[in-house]
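Engineer: Dumping the structure here so I can ask a few things about it.
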Amino acid sequence: MFVTPGYAQEHNAPALDEAHTVEDAGHGGGSFPPFDASTFPSQILWLAITFGLFYLFLKKAVLPRIGGILEVRHDRIQQDLDQAGRLKEEADAAVAAYEQELADARTKANAIGQEARDGAKASAEAARKKVEASLDKKLGDAEAHITSIKAAAMKEVGTIAEDTAGAIVQELVGGKLDKATVAAAVKAVR
Amino acid sequence: MANDPIHQFQISKWVPIEIGGLDFSFTNASAFMVATVAAAGAFLFLTTSSRGLVPGRLQSVSEMSYEFVASMLRDAAGSQGMKFFPFVFSLFMFVLVANLLGLFPYFFTVTSHIIVTFALALLVIGTVIVYGFMKNGIGFLKLFVPSGVPGILIPLVVLIEVISFLSRPISLSVRLFANMLAGHITLKVFAGFVTSLSAFGFVGVAGSILPLAMTVAITGLEFLVAFLQAYVFAVLTCMYLNDAIHPGH
């Protein structure tokens, strides 16, 4: 690395350069090309130039671009996931609303049924009450009628009995009894 | 010469440039650095040009490399380390593409030269030191004094920590360099057996099947090594950067 034939070669190199290819170091024997210090300045310079340009090119042009692509994709995937999540929530909400409506409808139907049932029952009850009331009234009327007829009849019976008794007494006894006596007698018998 | 396994590391000047007595010629190594940068840059730039929301295959490759390095850095150095993402990503892509390009026959491997890997390693360690002192001031030196060490042992431990810190650029660069160098030499040696054995007639041709199979297998292994070494380089860079961001460990 320090003292190599290659270093000496540098001095006679210009002469050989005219032959446009320099392949002498290998032939000369001894010099191992990677340790040939005469090539170091050139290698370092060109490495610095090429690697420097490469670094700048990557930093300014390539990496922002690839980073941008990856970021856009990441954002897009995230966005799609968000949207999918939102749609799922909407679907869930729709299902919940549907269930709610179904439950409401069921409750309502029950309520209507109950109402109808209650109404029917109430009207039936009312009708029954009415009928019963009219029947009671009729029964009352009839009983009153009977009572009055009976009373009338009883009264008639009393009169008839008095008349009959008066007549019988008149026939048997002959004489005429006053009416009040007969009535008192009949009353006493009764 | 064709069978010389070292020949592939030879540097040849394409455009001689000399400034102040130093040789800054545009060489085959320089050309392959340019090719590495151009190939990696063009690939990353062109495959993402449509900015597809749903990526195509090539765009996926670019995105995967981005996320791979990003998660590596985030795991090792936390979200604070992300400011070094362009640096780590450039290093990873540069080393990876240089390694992979080097696997083509007749292509030059940029990372098979110690000076290149050492320069990259120094860049990493330099970044760690500069940023470490900028962010933590003198507190960065806590890096060398692990907490919970008994007082007597502190000098010894500090010595060990300093040596380990100083050996980092060396191990970082030598690991990559040696892997590339050894892999390519092995490949070349086995491939060389195929040609030299074939020269011995029928028996030689029959016998060359074994090194041929080895060459194929090692080529596969070298692709793995090319990726693995780029990964190791990037992971270690992330860990060293983590030391600069969080020095007390």
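If you're wondering about the labels, chains in the structure tokens are A, B, ... by order shown, residues count from 1 in each chain, ligands from 1 in order shown.
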Counting only C-alpha atoms, a student should be able to say which residues of chain A come within 6 Å of chain B; what is the right answer, written as a PyMOL selection string?

Structural biologist: chain A and resi 21-22+33-34+41-42+46+50+54-55+59+62+69+73

Engineer: Output all heavy atoms of each residue in that selection to a file, as a compact mmCIF listing (two decimals), in the first residue's frame.

Structural biologist:
```txt
# COMPACT_ATOMS: atom_id res chain seq x y z
N THR A 21 -3.98 1.91 -23.70
CA THR A 21 -4.31 0.96 -22.65
C THR A 21 -3.07 0.72 -21.80
O THR A 21 -1.99 0.49 -22.32
CB THR A 21 -4.79 -0.39 -23.19
OG1 THR A 21 -3.91 -0.78 -24.23
CG2 THR A 21 -6.20 -0.31 -23.72
N VAL A 22 -3.29 0.77 -20.53
CA VAL A 22 -2.16 0.55 -19.63
C VAL A 22 -2.41 -0.76 -18.90
O VAL A 22 -3.26 -0.85 -18.05
CB VAL A 22 -2.05 1.71 -18.62
CG1 VAL A 22 -0.84 1.51 -17.72
CG2 VAL A 22 -1.96 3.02 -19.36
N PRO A 33 -3.16 -4.80 -8.13
CA PRO A 33 -3.85 -3.55 -8.52
C PRO A 33 -4.60 -2.85 -7.38
O PRO A 33 -4.47 -1.63 -7.26
CB PRO A 33 -4.80 -4.01 -9.61
CG PRO A 33 -4.22 -5.26 -10.14
CD PRO A 33 -3.45 -5.90 -9.04
N PRO A 34 -5.34 -3.56 -6.53
CA PRO A 34 -6.06 -2.82 -5.49
C PRO A 34 -5.15 -2.08 -4.52
O PRO A 34 -5.60 -1.16 -3.84
CB PRO A 34 -6.84 -3.91 -4.76
CG PRO A 34 -7.04 -4.97 -5.78
CD PRO A 34 -5.79 -4.96 -6.59
N PRO A 41 -5.61 8.55 -6.07
CA PRO A 41 -6.22 9.89 -6.27
C PRO A 41 -7.36 9.86 -7.28
O PRO A 41 -8.43 10.42 -7.03
CB PRO A 41 -5.06 10.73 -6.77
CG PRO A 41 -3.83 10.02 -6.34
CD PRO A 41 -4.18 8.56 -6.33
N SER A 42 -7.11 9.18 -8.37
CA SER A 42 -8.14 9.11 -9.41
C SER A 42 -9.41 8.44 -8.89
O SER A 42 -10.52 8.93 -9.08
CB SER A 42 -7.59 8.34 -10.61
OG SER A 42 -8.62 7.70 -11.30
N TRP A 46 -13.00 10.33 -8.53
CA TRP A 46 -14.18 9.92 -9.30
C TRP A 46 -15.26 9.32 -8.41
O TRP A 46 -16.45 9.49 -8.68
CB TRP A 46 -13.77 8.96 -10.43
CG TRP A 46 -13.05 9.70 -11.50
CD1 TRP A 46 -11.71 9.72 -11.73
CD2 TRP A 46 -13.62 10.60 -12.44
NE1 TRP A 46 -11.40 10.56 -12.76
CE2 TRP A 46 -12.57 11.12 -13.23
CE3 TRP A 46 -14.92 11.02 -12.73
CZ2 TRP A 46 -12.79 12.03 -14.26
CZ3 TRP A 46 -15.14 11.93 -13.75
CH2 TRP A 46 -14.08 12.42 -14.51
N THR A 50 -18.92 10.85 -8.50
CA THR A 50 -20.08 10.02 -8.85
C THR A 50 -20.99 9.82 -7.64
O THR A 50 -22.21 9.97 -7.74
CB THR A 50 -19.64 8.65 -9.40
OG1 THR A 50 -18.73 8.06 -8.46
CG2 THR A 50 -18.96 8.78 -10.73
N PHE A 54 -24.74 11.12 -7.18
CA PHE A 54 -25.75 10.09 -6.92
C PHE A 54 -26.55 10.46 -5.68
O PHE A 54 -27.79 10.43 -5.68
CB PHE A 54 -25.03 8.76 -6.72
CG PHE A 54 -25.95 7.57 -6.57
CD1 PHE A 54 -26.88 7.27 -7.55
CD2 PHE A 54 -25.85 6.73 -5.48
CE1 PHE A 54 -27.70 6.17 -7.43
CE2 PHE A 54 -26.66 5.63 -5.35
CZ PHE A 54 -27.60 5.35 -6.33
N TYR A 55 -25.82 10.87 -4.62
CA TYR A 55 -26.48 11.25 -3.38
C TYR A 55 -27.44 12.42 -3.60
O TYR A 55 -28.61 12.38 -3.19
CB TYR A 55 -25.42 11.63 -2.34
CG TYR A 55 -25.96 12.19 -1.06
CD1 TYR A 55 -26.54 11.36 -0.11
CD2 TYR A 55 -25.93 13.55 -0.80
CE1 TYR A 55 -27.05 11.87 1.07
CE2 TYR A 55 -26.43 14.07 0.38
CZ TYR A 55 -26.99 13.22 1.31
OH TYR A 55 -27.50 13.73 2.47
N LYS A 59 -31.43 12.30 -3.24
CA LYS A 59 -32.03 13.12 -2.20
C LYS A 59 -33.04 14.11 -2.77
O LYS A 59 -34.09 14.33 -2.18
CB LYS A 59 -30.92 13.89 -1.46
CG LYS A 59 -31.45 14.56 -0.22
CD LYS A 59 -30.37 15.26 0.55
CE LYS A 59 -31.00 15.96 1.75
NZ LYS A 59 -30.02 16.67 2.53
N VAL A 62 -35.24 11.36 -6.43
CA VAL A 62 -35.81 10.01 -6.37
C VAL A 62 -36.54 9.76 -5.05
O VAL A 62 -37.69 9.30 -5.05
CB VAL A 62 -34.69 8.96 -6.57
CG1 VAL A 62 -35.21 7.58 -6.28
CG2 VAL A 62 -34.16 9.05 -7.98
N ILE A 69 -45.03 8.62 -3.38
CA ILE A 69 -45.87 7.52 -3.86
C ILE A 69 -46.38 6.71 -2.69
O ILE A 69 -47.58 6.41 -2.57
CB ILE A 69 -45.07 6.61 -4.82
CG1 ILE A 69 -44.75 7.35 -6.12
CG2 ILE A 69 -45.85 5.35 -5.13
CD1 ILE A 69 -43.80 6.59 -7.02
N ARG A 73 -50.23 6.36 -1.35
CA ARG A 73 -50.88 5.05 -1.26
C ARG A 73 -51.38 4.81 0.16
O ARG A 73 -52.51 4.36 0.36
CB ARG A 73 -49.89 3.95 -1.66
CG ARG A 73 -50.52 2.58 -1.60
CD ARG A 73 -49.60 1.52 -2.12
NE ARG A 73 -49.02 1.94 -3.39
CZ ARG A 73 -47.79 1.65 -3.76
NH1 ARG A 73 -47.03 0.95 -2.99
NH2 ARG A 73 -47.34 2.06 -4.92
```

Engineer: Would you please extract all strand (DSSP E) residues from range 22-148 of chain B, as assigned by DSSP on the backbone, and give them as a list in words?

Structural biologist: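 Here is the list: Leu22, Asp23, Phe26 and Thr27 of chain B.
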
Engineer: Can you tell me which residues surround range 148-164 of chain A at a distance of at most 7 Å, considering only C-alpha atoms, apart from same-chain residues fewer than 5 positions away, and format the answer as number ranges by chain?

Structural biologist: A: 182-183, 186

Engineer: So how many Å separate CA of Ala93 in chain A and CA of Arg106 in chain A, to one decimal?

Structural biologist: 19.6 Å

Engineer: List the spatial neighbours of Thr181 in chain A as a short mmCIF file (atom, residue, chain, number, x, y, z; two decimals) with N, CA, C and O atoms, in the first residue's frame - criterion: any atom at most 12 Å away, only C-alpha atoms, same-chain residues fewer than 3 positions off excluded.

Structural biologist:
```
data_model
loop_
_atom_site.label_atom_id
_atom_site.label_comp_id
_atom_site.auth_asym_id
_atom_site.auth_seq_id
_atom_site.Cartn_x
_atom_site.Cartn_y
_atom_site.Cartn_z
N GLU A 162 -169.02 -7.70 48.93
CA GLU A 162 -170.00 -6.92 49.67
C GLU A 162 -171.37 -7.06 49.02
O GLU A 162 -172.39 -7.31 49.70
N ASP A 163 -171.30 -6.91 47.69
CA ASP A 163 -172.56 -7.00 46.93
C ASP A 163 -173.20 -8.37 47.14
O ASP A 163 -174.40 -8.48 47.44
N ALA A 165 -172.50 -10.55 49.46
CA ALA A 165 -172.91 -10.75 50.84
C ALA A 165 -174.24 -10.03 51.10
O ALA A 165 -175.17 -10.61 51.71
N GLY A 166 -174.33 -8.78 50.57
CA GLY A 166 -175.56 -8.02 50.73
C GLY A 166 -176.74 -8.77 50.12
O GLY A 166 -177.80 -8.94 50.75
N VAL A 169 -177.57 -12.00 52.13
CA VAL A 169 -178.24 -11.64 53.36
C VAL A 169 -179.64 -11.23 53.06
O VAL A 169 -180.59 -11.66 53.76
N LYS A 176 -183.38 -5.32 54.22
CA LYS A 176 -182.25 -4.67 53.53
C LYS A 176 -181.21 -4.17 54.51
O LYS A 176 -181.57 -3.51 55.52
N LEU A 177 -179.97 -4.64 54.31
CA LEU A 177 -178.84 -4.18 55.15
C LEU A 177 -178.20 -2.96 54.55
O LEU A 177 -178.07 -2.88 53.33
N ASP A 178 -177.83 -2.08 55.44
CA ASP A 178 -177.09 -0.94 54.83
C ASP A 178 -175.69 -1.34 54.44
O ASP A 178 -175.11 -2.29 54.97
N ALA A 184 -168.27 -3.70 56.52
CA ALA A 184 -167.51 -3.99 57.73
C ALA A 184 -167.44 -5.46 57.97
O ALA A 184 -166.40 -6.00 58.35
N ALA A 185 -168.58 -6.16 57.71
CA ALA A 185 -168.58 -7.61 57.89
C ALA A 185 -167.63 -8.31 56.96
O ALA A 185 -166.89 -9.20 57.39
N VAL A 186 -167.69 -7.88 55.74
CA VAL A 186 -166.76 -8.49 54.74
C VAL A 186 -165.31 -8.25 55.14
O VAL A 186 -164.49 -9.15 55.08
N LYS A 187 -165.05 -7.06 55.54
CA LYS A 187 -163.69 -6.72 55.96
C LYS A 187 -163.22 -7.59 57.11
O LYS A 187 -162.09 -8.06 57.13
N ALA A 188 -164.16 -7.82 58.06
CA ALA A 188 -163.81 -8.65 59.19
C ALA A 188 -163.49 -10.06 58.77
O ALA A 188 -162.61 -10.72 59.30
#
```
